[in-house]
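model-v9.cif follows; it contains mmCIF, C-alpha atoms and all ligand atoms.
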```cif
data_model
loop_
_atom_site.label_atom_id
_atom_site.label_comp_id
_atom_site.auth_asym_id
_atom_site.auth_seq_id
_atom_site.Cartn_x
_atom_site.Cartn_y
_atom_site.Cartn_z
CA MET G 267 -19.47 19.49 -36.75
CA ALA G 268 -19.23 23.25 -36.36
CA PHE G 269 -16.22 24.77 -38.00
CA ASP G 270 -15.13 27.89 -36.20
CA PHE G 271 -11.63 28.61 -37.46
CA ALA G 272 -11.14 32.06 -38.97
CA ILE G 273 -8.29 33.87 -40.67
CA ASP G 274 -8.00 37.66 -40.45
CA PRO G 275 -8.31 39.15 -43.97
CA ASP G 276 -5.35 41.45 -43.22
CA VAL G 277 -2.20 39.42 -43.83
CA THR G 278 -0.09 41.82 -41.77
CA VAL G 279 -1.91 40.89 -38.56
CA ALA G 280 -3.35 37.46 -39.40
CA ARG G 281 -2.44 34.23 -37.65
CA THR G 282 -2.21 30.91 -39.51
CA LEU G 283 -4.60 27.97 -39.15
CA PRO G 284 -4.46 26.32 -35.72
CA SER G 285 -2.90 22.86 -35.32
CA ALA G 286 -6.35 21.30 -34.79
CA PHE G 287 -7.14 21.95 -38.43
CA TYR G 288 -4.47 19.45 -39.44
CA LEU G 289 -4.84 16.93 -36.63
CA ASP G 290 -8.60 16.52 -36.10
CA PRO G 291 -10.11 13.60 -38.08
CA ASP G 292 -13.53 15.31 -38.03
CA VAL G 293 -12.08 18.33 -39.82
CA HIS G 294 -10.55 15.96 -42.37
CA ALA G 295 -13.97 14.39 -43.05
CA LEU G 296 -15.64 17.80 -43.19
CA THR G 297 -13.02 19.03 -45.67
CA ARG G 298 -13.76 16.06 -47.92
CA GLU G 299 -17.42 17.07 -48.26
CA ARG G 300 -17.18 20.86 -48.17
CA VAL G 301 -13.95 21.41 -50.07
CA PHE G 302 -13.18 18.41 -52.28
CA ALA G 303 -16.74 17.48 -53.29
CA ARG G 304 -17.39 21.13 -54.27
CA THR G 305 -14.27 21.89 -56.27
CA TRP G 306 -12.98 20.67 -59.63
CA GLN G 307 -10.93 17.52 -59.45
CA TRP G 308 -8.44 16.38 -62.06
CA LEU G 309 -9.55 13.15 -63.79
CA GLY G 310 -6.47 12.66 -65.97
CA ASP G 311 -5.83 13.38 -69.62
CA LEU G 312 -8.13 12.60 -72.52
CA ASP G 313 -5.68 10.47 -74.52
CA ASP G 314 -7.79 7.30 -74.34
CA VAL G 315 -11.16 8.94 -75.10
CA THR G 316 -10.39 10.77 -78.33
CA LEU G 317 -12.39 8.45 -80.63
CA PRO G 318 -16.22 8.24 -80.82
CA GLY G 319 -17.49 5.30 -78.77
CA SER G 320 -14.68 5.51 -76.18
CA LEU G 321 -15.28 4.70 -72.52
CA SER G 322 -12.73 5.31 -69.78
CA PRO G 323 -13.37 4.73 -66.06
CA ARG G 324 -11.89 7.35 -63.70
CA GLU G 325 -11.88 7.31 -59.92
CA MET G 326 -12.41 10.83 -58.64
CA LEU G 327 -9.74 11.67 -56.04
CA ALA G 328 -8.81 8.07 -55.22
CA GLY G 329 -8.20 7.55 -51.51
CA HIS G 330 -10.45 10.45 -50.44
CA LEU G 331 -13.62 11.01 -52.50
CA ASP G 332 -13.37 7.60 -54.24
CA GLU G 333 -16.20 8.40 -56.62
CA PRO G 334 -16.37 5.94 -59.55
CA LEU G 335 -16.87 7.95 -62.74
CA LEU G 336 -16.91 7.16 -66.43
CA LEU G 337 -15.79 9.33 -69.33
CA SER G 338 -17.97 8.52 -72.34
CA ARG G 339 -17.60 9.90 -75.86
CA ASP G 340 -20.72 9.17 -77.89
CA ALA G 341 -20.90 8.38 -81.61
CA GLY G 342 -21.35 12.08 -82.38
CA GLY G 343 -18.14 12.98 -80.54
CA THR G 344 -19.67 14.56 -77.42
CA LEU G 345 -17.77 13.83 -74.22
CA ARG G 346 -19.69 13.31 -70.97
CA CYS G 347 -18.87 12.36 -67.43
CA LEU G 348 -21.26 9.74 -66.03
CA SER G 349 -21.50 7.73 -62.86
CA ASN G 350 -19.77 4.38 -63.31
CA VAL G 351 -22.17 2.76 -60.82
CA CYS G 352 -25.10 0.70 -62.10
CA THR G 353 -28.46 2.21 -61.11
CA HIS G 354 -29.81 -1.30 -60.30
CA ARG G 355 -27.76 -2.66 -57.39
CA ALA G 356 -24.62 -0.51 -57.63
CA ASN G 357 -22.28 -2.84 -59.51
CA LEU G 358 -19.33 -1.02 -61.07
CA LEU G 359 -20.02 -0.82 -64.79
CA VAL G 360 -16.88 -0.36 -66.90
CA PRO G 361 -13.67 -1.79 -65.39
CA ALA G 362 -11.15 -0.68 -68.05
CA PRO G 363 -10.88 1.71 -71.01
CA CYS G 364 -12.59 0.31 -74.11
CA ARG G 365 -14.64 1.17 -77.16
CA ALA G 366 -18.29 0.16 -77.20
CA GLU G 367 -21.70 1.02 -78.63
CA GLN G 368 -23.37 0.72 -75.26
CA ILE G 369 -22.62 0.30 -71.57
CA ARG G 370 -23.66 -3.10 -70.26
CA CYS G 371 -23.64 -4.07 -66.59
CA GLY G 372 -21.94 -7.42 -66.06
CA TYR G 373 -24.12 -8.35 -63.05
CA HIS G 374 -27.72 -8.51 -64.41
CA SER G 375 -27.18 -7.07 -67.89
CA ARG G 376 -28.80 -3.65 -67.52
CA ARG G 377 -27.79 -1.55 -70.54
CA PHE G 378 -27.26 2.16 -71.09
CA ASP G 379 -26.46 4.20 -74.17
CA LEU G 380 -23.31 6.34 -74.21
CA GLU G 381 -25.32 9.33 -72.95
CA GLY G 382 -26.20 7.33 -69.84
CA ARG G 383 -29.86 6.53 -70.66
CA MET G 384 -31.04 3.12 -69.52
CA THR G 385 -32.15 1.21 -72.62
CA PHE G 386 -32.72 -2.40 -71.51
CA MET G 387 -33.22 -4.45 -68.33
CA PRO G 388 -34.25 -8.11 -68.10
CA GLY G 389 -36.82 -9.24 -65.52
CA PHE G 390 -38.43 -5.82 -65.04
CA GLU G 391 -41.52 -6.31 -67.26
CA GLU G 392 -43.84 -6.01 -64.25
CA ALA G 393 -42.01 -3.16 -62.54
CA LYS G 394 -44.24 -0.07 -62.28
CA GLY G 395 -43.09 3.36 -63.38
CA PHE G 396 -39.98 1.82 -64.90
CA PRO G 397 -37.67 3.12 -66.13
CA GLY G 398 -37.81 6.35 -64.16
CA ARG G 399 -35.41 9.26 -64.02
CA SER G 400 -33.25 7.59 -61.38
CA ASP G 401 -32.67 4.53 -63.56
CA HIS G 402 -30.49 6.54 -65.94
CA LEU G 403 -26.86 7.18 -65.05
CA PRO G 404 -26.28 10.48 -63.21
CA ARG G 405 -24.22 13.03 -65.16
CA VAL G 406 -21.41 14.91 -63.45
CA PRO G 407 -20.29 18.42 -64.51
CA LEU G 408 -17.23 18.08 -66.72
CA ALA G 409 -14.68 20.58 -68.03
CA GLU G 410 -11.70 20.28 -70.35
CA PHE G 411 -8.45 22.24 -70.27
CA ALA G 412 -5.20 21.63 -72.16
CA GLY G 413 -6.20 18.05 -73.01
CA HIS G 414 -7.22 17.20 -69.44
CA ALA G 415 -10.57 16.36 -67.86
CA PHE G 416 -11.88 17.95 -64.67
CA ALA G 417 -15.10 17.12 -62.87
CA SER G 418 -16.96 18.34 -59.83
CA LEU G 419 -19.74 16.60 -57.88
CA ALA G 420 -21.29 19.89 -56.70
CA PRO G 421 -19.27 22.81 -58.07
CA ALA G 422 -19.17 25.92 -55.90
CA ALA G 423 -18.38 27.92 -59.05
CA PRO G 424 -17.87 27.22 -62.78
CA PHE G 425 -14.52 25.69 -63.81
CA GLU G 426 -13.68 28.85 -65.76
CA ASP G 427 -13.65 30.83 -62.51
CA PHE G 428 -10.84 28.56 -61.29
CA ILE G 429 -8.61 28.90 -64.35
CA ALA G 430 -9.59 32.17 -66.06
CA GLU G 431 -6.38 34.03 -65.15
CA MET G 432 -4.23 31.13 -66.35
CA ARG G 433 -6.07 30.83 -69.66
CA THR G 434 -5.59 34.57 -70.32
CA ARG G 435 -1.96 34.83 -69.25
CA LEU G 436 -0.86 31.71 -71.15
CA ALA G 437 -2.98 32.34 -74.26
CA TRP G 438 0.24 32.49 -76.33
CA LEU G 439 1.35 28.98 -75.26
CA ALA G 440 0.29 26.10 -77.55
CA LEU G 441 -1.31 24.04 -74.80
CA ASP G 442 -2.99 21.77 -77.35
CA GLY G 443 0.46 20.57 -78.33
CA LEU G 444 1.26 19.08 -74.91
CA ARG G 445 2.17 15.38 -75.12
CA HIS G 446 2.36 12.97 -72.20
CA ASP G 447 5.92 11.86 -71.38
CA GLN G 448 5.64 8.90 -69.03
CA ALA G 449 9.33 9.03 -68.18
CA ARG G 450 8.54 12.16 -66.14
CA ASP G 451 5.72 10.57 -64.11
CA ARG G 452 6.19 9.99 -60.38
CA ASP G 453 3.99 9.11 -57.40
CA PHE G 454 5.12 10.09 -53.92
CA GLU G 455 3.59 9.29 -50.57
CA VAL G 456 4.22 11.95 -47.95
CA ALA G 457 3.81 11.50 -44.17
CA GLY G 458 2.00 14.80 -43.76
CA HIS G 459 -1.35 16.58 -44.09
CA TRP G 460 -2.28 17.49 -47.66
CA ALA G 461 -2.65 21.19 -46.80
CA LEU G 462 0.93 21.32 -45.51
CA TYR G 463 2.11 20.13 -48.91
CA VAL G 464 0.03 22.85 -50.61
CA GLU G 465 1.22 25.59 -48.23
CA ASN G 466 4.81 24.68 -48.85
CA TYR G 467 4.18 24.95 -52.58
CA LEU G 468 2.54 28.36 -52.23
CA GLU G 469 5.51 30.27 -50.83
CA GLY G 470 8.96 30.97 -52.22
CA LEU G 471 10.25 32.13 -48.85
CA HIS G 472 11.91 28.75 -48.28
CA ILE G 473 13.59 28.48 -51.70
CA PRO G 474 16.96 30.00 -50.69
CA PHE G 475 17.14 27.80 -47.58
CA LEU G 476 15.71 24.49 -48.80
CA HIS G 477 16.56 24.42 -52.51
CA PRO G 478 20.13 25.65 -53.13
CA ALA G 479 20.19 24.40 -56.75
CA LEU G 480 16.84 25.98 -57.64
CA ASN G 481 17.91 29.18 -55.91
CA GLN G 482 20.83 29.42 -58.35
CA VAL G 483 18.56 29.75 -61.39
CA LEU G 484 15.76 31.97 -60.00
CA ASP G 485 15.84 35.72 -59.47
CA MET G 486 14.37 35.68 -55.95
CA GLU G 487 14.50 39.49 -55.73
CA ARG G 488 11.77 39.66 -58.36
CA TYR G 489 9.82 36.50 -57.48
CA CYS G 490 6.16 37.50 -57.30
CA TYR G 491 2.69 36.33 -56.36
CA HIS G 492 -0.58 36.97 -58.21
CA LEU G 493 -3.71 35.96 -56.33
CA GLY G 494 -6.89 35.04 -58.23
CA ARG G 495 -10.33 34.12 -56.91
CA TYR G 496 -9.76 30.35 -56.71
CA GLY G 497 -6.09 30.03 -57.52
CA SER G 498 -2.81 31.85 -57.68
CA LEU G 499 0.33 32.27 -59.74
CA GLN G 500 3.92 32.41 -58.63
CA LEU G 501 5.89 34.05 -61.39
CA ALA G 502 9.54 33.03 -61.29
CA LEU G 503 11.99 34.97 -63.44
CA ALA G 504 15.28 33.44 -64.53
CA ARG G 505 18.62 34.49 -63.15
CA ASP G 506 21.42 35.21 -65.65
CA ASP G 507 21.30 32.81 -68.58
CA ALA G 508 19.21 30.05 -67.02
CA ASP G 509 16.66 28.45 -69.35
CA ALA G 510 13.53 30.59 -69.70
CA PHE G 511 10.41 31.35 -71.69
CA ASP G 512 10.58 34.37 -73.94
CA PRO G 513 6.91 35.46 -73.99
CA PRO G 514 5.94 37.07 -77.33
CA PRO G 515 4.70 40.64 -77.92
CA GLY G 516 1.13 40.95 -76.65
CA SER G 517 1.86 38.86 -73.56
CA ILE G 518 1.85 40.78 -70.28
CA ASP G 519 5.19 39.06 -69.60
CA HIS G 520 6.80 40.13 -72.89
CA GLY G 521 10.38 41.24 -72.31
CA GLU G 522 10.81 39.10 -69.21
CA ARG G 523 12.74 35.83 -69.05
CA VAL G 524 10.24 33.59 -67.27
CA ALA G 525 11.81 30.50 -65.66
CA ALA G 526 8.49 29.06 -64.55
CA TYR G 527 4.79 29.79 -64.17
CA TYR G 528 3.75 28.03 -60.98
CA TRP G 529 -0.04 27.94 -61.09
CA TRP G 530 -2.08 26.58 -58.25
CA VAL G 531 -5.78 25.76 -58.58
CA PHE G 532 -7.76 25.51 -55.33
CA PRO G 533 -7.54 23.23 -53.51
CA ASN G 534 -5.11 20.54 -54.67
CA LEU G 535 -3.76 21.02 -58.20
CA MET G 536 -0.50 22.57 -59.38
CA LEU G 537 0.22 23.27 -63.04
CA ASN G 538 3.88 24.16 -63.44
CA PHE G 539 4.80 25.47 -66.87
CA TYR G 540 8.46 25.30 -67.85
CA PRO G 541 10.07 25.91 -71.24
CA TRP G 542 10.01 22.12 -71.82
CA GLY G 543 6.29 21.78 -71.00
CA LEU G 544 3.95 21.09 -68.07
CA SER G 545 4.59 19.32 -64.80
CA LEU G 546 1.18 18.63 -63.28
CA ASN G 547 1.10 17.88 -59.54
CA PHE G 548 -2.08 16.39 -58.10
CA VAL G 549 -2.33 16.29 -54.30
CA GLN G 550 -4.51 13.52 -52.85
CA PRO G 551 -5.39 13.38 -49.14
CA LEU G 552 -5.38 9.83 -47.77
CA THR G 553 -5.60 10.27 -43.99
CA PRO G 554 -5.03 13.42 -41.87
CA ASP G 555 -1.30 12.63 -41.87
CA ARG G 556 -0.80 10.86 -45.18
CA THR G 557 -0.90 12.33 -48.68
CA ARG G 558 -0.23 11.00 -52.15
CA VAL G 559 1.22 13.40 -54.72
CA SER G 560 1.20 12.43 -58.39
CA PHE G 561 3.49 14.18 -60.87
CA ARG G 562 2.61 13.90 -64.58
CA GLY G 563 4.83 15.34 -67.31
CA TYR G 564 3.60 16.78 -70.62
CA VAL G 565 6.14 18.06 -73.14
CA LEU G 566 5.76 20.87 -75.63
CA GLY G 567 7.24 20.19 -79.05
CA ALA G 568 10.77 18.90 -79.45
CA ASP G 569 12.94 17.63 -76.62
CA ARG G 570 14.51 20.43 -74.70
CA THR G 571 17.14 20.20 -72.01
CA GLY G 572 17.71 23.54 -70.44
CA GLY G 573 19.08 23.33 -66.92
CA GLY G 574 16.58 25.88 -65.59
CA ALA G 575 13.87 25.72 -62.93
CA GLY G 576 12.22 22.80 -64.74
CA THR G 577 15.09 20.39 -64.15
CA GLY G 578 16.12 18.59 -60.99
CA LEU G 579 12.48 18.31 -59.93
CA ASP G 580 13.10 15.04 -58.05
CA GLN G 581 15.68 16.71 -55.83
CA VAL G 582 13.37 19.68 -55.11
CA GLU G 583 10.59 17.22 -54.24
CA ILE G 584 12.78 15.36 -51.74
CA GLU G 585 13.69 18.67 -50.09
CA ASP G 586 10.03 19.78 -49.93
CA GLU G 587 8.80 16.45 -48.55
CA ALA G 588 11.36 16.52 -45.76
CA ALA G 589 10.07 19.95 -44.69
CA VAL G 590 6.40 18.90 -44.84
CA GLN G 591 7.10 15.78 -42.77
CA SER G 592 9.05 17.78 -40.22
CA VAL G 593 6.19 20.29 -39.89
CA GLN G 594 3.69 17.43 -39.45
CA ARG G 595 5.65 16.27 -36.41
CA GLY G 596 5.98 19.80 -35.08
CA LEU G 597 2.23 20.38 -35.27
CA ARG G 598 1.67 17.77 -32.57
CA SER G 599 3.56 19.91 -30.09
CA ARG G 600 1.55 21.17 -27.11
CA LEU G 601 3.67 24.31 -27.26
CA TYR G 602 2.68 25.34 -30.79
CA ASP G 603 -0.73 26.33 -32.11
CA ARG G 604 -0.58 29.07 -34.76
CA GLY G 605 2.04 31.17 -36.52
CA ARG G 606 2.12 34.41 -38.58
CA TYR G 607 2.45 35.07 -42.32
CA SER G 608 5.23 36.86 -44.16
CA PRO G 609 3.39 39.75 -45.86
CA THR G 610 5.85 39.66 -48.77
CA HIS G 611 6.19 35.91 -49.37
CA GLU G 612 3.22 34.16 -47.74
CA ARG G 613 0.25 36.00 -49.18
CA GLY G 614 -0.49 32.87 -51.24
CA VAL G 615 -0.62 30.72 -48.10
CA HIS G 616 -2.89 33.28 -46.43
CA HIS G 617 -5.16 33.27 -49.51
CA PHE G 618 -5.31 29.44 -49.38
CA HIS G 619 -6.23 29.45 -45.69
CA ARG G 620 -8.93 32.06 -46.31
CA LEU G 621 -10.43 29.90 -49.07
CA LEU G 622 -10.41 26.85 -46.80
CA CYS G 623 -12.27 28.77 -44.10
CA GLU G 624 -14.71 30.15 -46.67
CA PHE G 625 -15.61 26.65 -47.91
CA LEU G 626 -15.60 24.99 -44.51
CA ALA G 627 -17.78 27.59 -42.85
CA GLU G 628 -20.62 27.21 -45.32
CA ALA G 629 -23.51 25.13 -44.07
S1 LIG V 1 -26.31 -4.25 -60.67
FE1 LIG V 1 -26.26 -3.74 -62.75
S2 LIG V 1 -27.82 -4.90 -63.64
FE2 LIG V 1 -27.89 -5.41 -61.57
FE FE V 2 9.88 23.99 -52.26
#
```

Kindly transcribe the structure held in the file into structure tokens.
Ligand code: FES
Ligand SMILES: [Fe+2]
Amino acid sequence: MAFDFAIDPDVTVARTLPSAFYLDPDVHALTRERVFARTWQWLGDLDDVTLPGSLSPREMLAGHLDEPLLLSRDAGGTLRCLSNVCTHRANLLVPAPCRAEQIRCGYHSRRFDLEGRMTFMPGFEEAKGFPGRSDHLPRVPLAEFAGHAFASLAPAAPFEDFIAEMRTRLAWLALDGLRHDQARDRDFEVAGHWALYVENYLEGLHIPFLHPALNQVLDMERYCYHLGRYGSLQLALARDDADAFDPPPGSIDHGERVAAYYWWVFPNLMLNFYPWGLSLNFVQPLTPDRTRVSFRGYVLGADRTGGGAGTGLDQVEIEDEAAVQSVQRGLRSRLYDRGRYSPTHERGVHHFHRLLCEFLAEA
């Protein structure tokens, strides 16, 4: 389909995406191929693939891309991302995390080494030109950051371009020390379009009205937005004595009491850094009006209970979901089509919409 939505580059005159963007199933399908297949998708952490000879199956963006992938660490310690689909007749290869010297298909026993090369196949003695290039497992571009794996089927740009600003600004934080805390994990299903969930995340304009408790601990007068090429940062400073980071000398934020770094990576990942650690939010489109959001918690060092922006996250989530679901219903109105952006507080939303149009417009 032709995609002809456009967003004016000038936020002071621009109008938001039209309702059809959120409601049209064809746009949803187009977004899957042009946005999600071309950006970096979170595959989870690397906790079960630390040892040589580890295999761990990962579904890329379950419910939307549904691409069966396999993280494989070979005997020499190199980590790769391979297709988890047998090159013979497409049987799924590895069903659960394990350690192995080779990958063996359970259907007709085709074997691959941990780099994905086909090494053995019964019954193919008379096959000509076998094995060929397409009999080996396809490799998928893989990146690692803070103990997490990211992959892209057809990356529009290198992973570093998506996270460069975050890596620089948080260089003083010991991200290697992050440890998974399952007690903080949550999965929510929201009756709304995935982009509505992202837009809501990208603006602090609603904080005083929707989140009274959060509003108590943030200095909303100095809340600010930093836009990068494929992501953005909302820098939230602490009010009064609320729990905060104290960035060291050399950090651009030295001298400030930072309540939270809210980083967003286009299109569907949020990395929220609080003094206690990282709350990772992964947004997964299911249908045009249904979205799954997974929260995963990673703690830094010793237990820390602060009472700042990083606490009460469940309550904030309930408040945000109610707004997203209300907007979803409003979008069906025949009397609404597009709105305008707040130039002070919705530049991040505008930036997101511009990126969507950029990706969707490309042939
Ligand atoms: S499908 Fe894997 S060996 Fe046949
Ligand atoms: Fe919110």

So which residues are near ligand FE 2 (chain V), meaning at most 7 Å away with only C-alpha atoms and all ligand atoms counted, given back as a list in words? Asn466, Tyr467, His472, Ile473, Leu476, His477, Val582, Glu585 and Asp586 of chain G

Could you pull the residues within 6 Å of segment 604-613 of chain G, counting all atoms listed in the file, minus those fewer than 4 positions along the same chain, as a list in words?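 After dropping sequence-adjacent residues, the list is Val277, Thr278, Arg281, Thr282, Pro284, Glu469 and Leu471 of chain G.
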
Could those selected residues go to a file with C-alpha atoms, as a short mmCIF file (atom, residue, chain, number, x, y, z; two decimals), in the coordinates of the input?
```
data_model
loop_
_atom_site.label_atom_id
_atom_site.label_comp_id
_atom_site.auth_asym_id
_atom_site.auth_seq_id
_atom_site.Cartn_x
_atom_site.Cartn_y
_atom_site.Cartn_z
CA VAL G 277 -2.20 39.42 -43.83
CA THR G 278 -0.09 41.82 -41.77
CA ARG G 281 -2.44 34.23 -37.65
CA THR G 282 -2.21 30.91 -39.51
CA PRO G 284 -4.46 26.32 -35.72
CA GLU G 469 5.51 30.27 -50.83
CA LEU G 471 10.25 32.13 -48.85
#
```

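Picture a line from atom CA of Phe416 of chain G to atom S2 of ligand LIG 1 (chain V); it runs 27.9 Å.
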
Long-range neighbours of Val593 of chain G as JSON, numbers by chain, 10 Å cut-off, all atoms listed in the file, 6 positions minimum in chain: {"G": [458, 459, 462, 463, 587]}

Write out as JSON lines a residue-level contact list of chain G versus ligand LIG 1 (chain V) with cut-off 9 Å: for each qualifying residue the closest pair of atoms and the distance in Å to one decimal, counting all atoms listed in the file, rows sorted by chain and residue number upward.
```
{"residue": "G:Val351", "atom": "CA", "partner": "V:LIG1", "partner_atom": "FE1", "distance": 7.9}
{"residue": "G:Cys352", "atom": "CA", "partner": "V:LIG1", "partner_atom": "FE1", "distance": 4.6}
{"residue": "G:Thr353", "atom": "CA", "partner": "V:LIG1", "partner_atom": "FE1", "distance": 6.6}
{"residue": "G:His354", "atom": "CA", "partner": "V:LIG1", "partner_atom": "S1", "distance": 4.6}
{"residue": "G:Arg355", "atom": "CA", "partner": "V:LIG1", "partner_atom": "S1", "distance": 3.9}
{"residue": "G:Ala356", "atom": "CA", "partner": "V:LIG1", "partner_atom": "S1", "distance": 5.1}
{"residue": "G:Asn357", "atom": "CA", "partner": "V:LIG1", "partner_atom": "S1", "distance": 4.4}
{"residue": "G:Leu358", "atom": "CA", "partner": "V:LIG1", "partner_atom": "FE1", "distance": 7.6}
{"residue": "G:Leu359", "atom": "CA", "partner": "V:LIG1", "partner_atom": "FE1", "distance": 7.2}
{"residue": "G:Arg370", "atom": "CA", "partner": "V:LIG1", "partner_atom": "FE1", "distance": 8.0}
{"residue": "G:Cys371", "atom": "CA", "partner": "V:LIG1", "partner_atom": "FE1", "distance": 4.7}
{"residue": "G:Gly372", "atom": "CA", "partner": "V:LIG1", "partner_atom": "FE1", "distance": 6.6}
{"residue": "G:Tyr373", "atom": "CA", "partner": "V:LIG1", "partner_atom": "FE2", "distance": 5.0}
{"residue": "G:His374", "atom": "CA", "partner": "V:LIG1", "partner_atom": "S2", "distance": 3.7}
{"residue": "G:Ser375", "atom": "CA", "partner": "V:LIG1", "partner_atom": "S2", "distance": 4.8}
{"residue": "G:Arg376", "atom": "CA", "partner": "V:LIG1", "partner_atom": "S2", "distance": 4.2}
{"residue": "G:Arg377", "atom": "CA", "partner": "V:LIG1", "partner_atom": "S2", "distance": 7.7}
{"residue": "G:Met387", "atom": "CA", "partner": "V:LIG1", "partner_atom": "S2", "distance": 7.2}
{"residue": "G:Pro388", "atom": "CA", "partner": "V:LIG1", "partner_atom": "S2", "distance": 8.5}
```

I want to know what sits within 8 Å of Ala457 of chain G, based on all atoms listed in the file, with residues of the same chain fewer than 2 positions away left out; could you give that as a VMD selection string? chain G and resid 455 459 555 to 557 590 to 591 594

Residue nearest Asn538 of chain G - candidates G:Pro275, G:Trp306, G:Pro513, G:Gly576, atoms counted: only C-alpha atoms: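 Closest to Asn538 of chain G of all the choices is G:Gly576.
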
May I ask for the distance between atom CA of Thr553 of chain G and atom CA of Leu289 of chain G, given in Å to one decimal place? 10.0 Å

If you measure from atom CA of Met384 of chain G to atom CA of Pro318 of chain G, what distance in Å do you get, rounded to one decimal? 19.3 Å

Using only C-alpha atoms, find the one residue out of G:Thr305, G:Gln448, G:Ser322, G:Asn481 that sits nearest to Ala420 of chain G. G:Thr305

Need the shell around Leu331 of chain G: protein/DNA/RNA residues with any atom at most 12 Å away, counting all atoms listed in the file. Skip same-chain ones fewer than 5 positions apart. Format as an NGL selection string? :G and (294-305 or 307 or 324-326 or 418-419 or 550-553)

Taking into account all atoms listed in the file, which residue in the set G:Leu317, G:Ala362, G:Ala627, G:Leu327 is nearest to Gly343 of chain G?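 Looking only at the distances to Gly343 of chain G, the closest residue turns out to be G:Leu317.
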
When you count all atoms listed in the file, which of these residues is closest to Arg452 of chain G: G:Leu546, G:Cys347, G:Leu309, G:Ala575?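 The shortest atom-to-atom distance to Arg452 of chain G comes from G:Leu546.
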
So which one's closest to Gln500 of chain G, G:Phe428, G:Phe390, G:Phe378, G:Trp530? Using all atoms listed in the file, please.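 With all atoms listed in the file as the atom set, the closest residue is G:Trp530.
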
Protein, DNA and RNA residues within 9 Å of (6.5, 16.4, -78.7), all atoms listed in the file, as a PyMOL selection string: chain G and resi 443-447+564-569

Looking at all atoms listed in the file, which of G:Ala510, G:Tyr288, G:Leu345, G:Gly614 is the one that sits closest to Trp460 of chain G? G:Tyr288

Which neighbours of Ser338 of chain G fall inside 12 Å, counting only C-alpha atoms, when residues of the same chain fewer than 5 positions from it are skipped, and could you give them as a ChimeraX atom specification? /G:312,314-324,343-350,360,363-369,378-382,403,405-406,408,415

Can you write just those residues out, C-alpha atoms, as an mmCIF file, in the coordinates of the input?
```cif
data_model
loop_
_atom_site.group_PDB
_atom_site.id
_atom_site.type_symbol
_atom_site.label_atom_id
_atom_site.label_comp_id
_atom_site.auth_asym_id
_atom_site.auth_seq_id
_atom_site.Cartn_x
_atom_site.Cartn_y
_atom_site.Cartn_z
ATOM 1 C CA LEU G 312 -8.130 12.600 -72.520
ATOM 2 C CA ASP G 314 -7.790 7.300 -74.340
ATOM 3 C CA VAL G 315 -11.160 8.940 -75.100
ATOM 4 C CA THR G 316 -10.390 10.770 -78.330
ATOM 5 C CA LEU G 317 -12.390 8.450 -80.630
ATOM 6 C CA PRO G 318 -16.220 8.240 -80.820
ATOM 7 C CA GLY G 319 -17.490 5.300 -78.770
ATOM 8 C CA SER G 320 -14.680 5.510 -76.180
ATOM 9 C CA LEU G 321 -15.280 4.700 -72.520
ATOM 10 C CA SER G 322 -12.730 5.310 -69.780
ATOM 11 C CA PRO G 323 -13.370 4.730 -66.060
ATOM 12 C CA ARG G 324 -11.890 7.350 -63.700
ATOM 13 C CA GLY G 343 -18.140 12.980 -80.540
ATOM 14 C CA THR G 344 -19.670 14.560 -77.420
ATOM 15 C CA LEU G 345 -17.770 13.830 -74.220
ATOM 16 C CA ARG G 346 -19.690 13.310 -70.970
ATOM 17 C CA CYS G 347 -18.870 12.360 -67.430
ATOM 18 C CA LEU G 348 -21.260 9.740 -66.030
ATOM 19 C CA SER G 349 -21.500 7.730 -62.860
ATOM 20 C CA ASN G 350 -19.770 4.380 -63.310
ATOM 21 C CA VAL G 360 -16.880 -0.360 -66.900
ATOM 22 C CA PRO G 363 -10.880 1.710 -71.010
ATOM 23 C CA CYS G 364 -12.590 0.310 -74.110
ATOM 24 C CA ARG G 365 -14.640 1.170 -77.160
ATOM 25 C CA ALA G 366 -18.290 0.160 -77.200
ATOM 26 C CA GLU G 367 -21.700 1.020 -78.630
ATOM 27 C CA GLN G 368 -23.370 0.720 -75.260
ATOM 28 C CA ILE G 369 -22.620 0.300 -71.570
ATOM 29 C CA PHE G 378 -27.260 2.160 -71.090
ATOM 30 C CA ASP G 379 -26.460 4.200 -74.170
ATOM 31 C CA LEU G 380 -23.310 6.340 -74.210
ATOM 32 C CA GLU G 381 -25.320 9.330 -72.950
ATOM 33 C CA GLY G 382 -26.200 7.330 -69.840
ATOM 34 C CA LEU G 403 -26.860 7.180 -65.050
ATOM 35 C CA ARG G 405 -24.220 13.030 -65.160
ATOM 36 C CA VAL G 406 -21.410 14.910 -63.450
ATOM 37 C CA LEU G 408 -17.230 18.080 -66.720
ATOM 38 C CA ALA G 415 -10.570 16.360 -67.860
#
```

Specify the axis-aligned box that encloses all atoms of segment 317-335 of chain G listed in the file after padding of 8 Å on each side, stating its centre and edge lengths in Å to one decimal as lines of an AutoDock Vina configuration file.
```
center_x = -12.8
center_y = 8.2
center_z = -65.6
size_x = 25.3
size_y = 23.0
size_z = 46.4
```
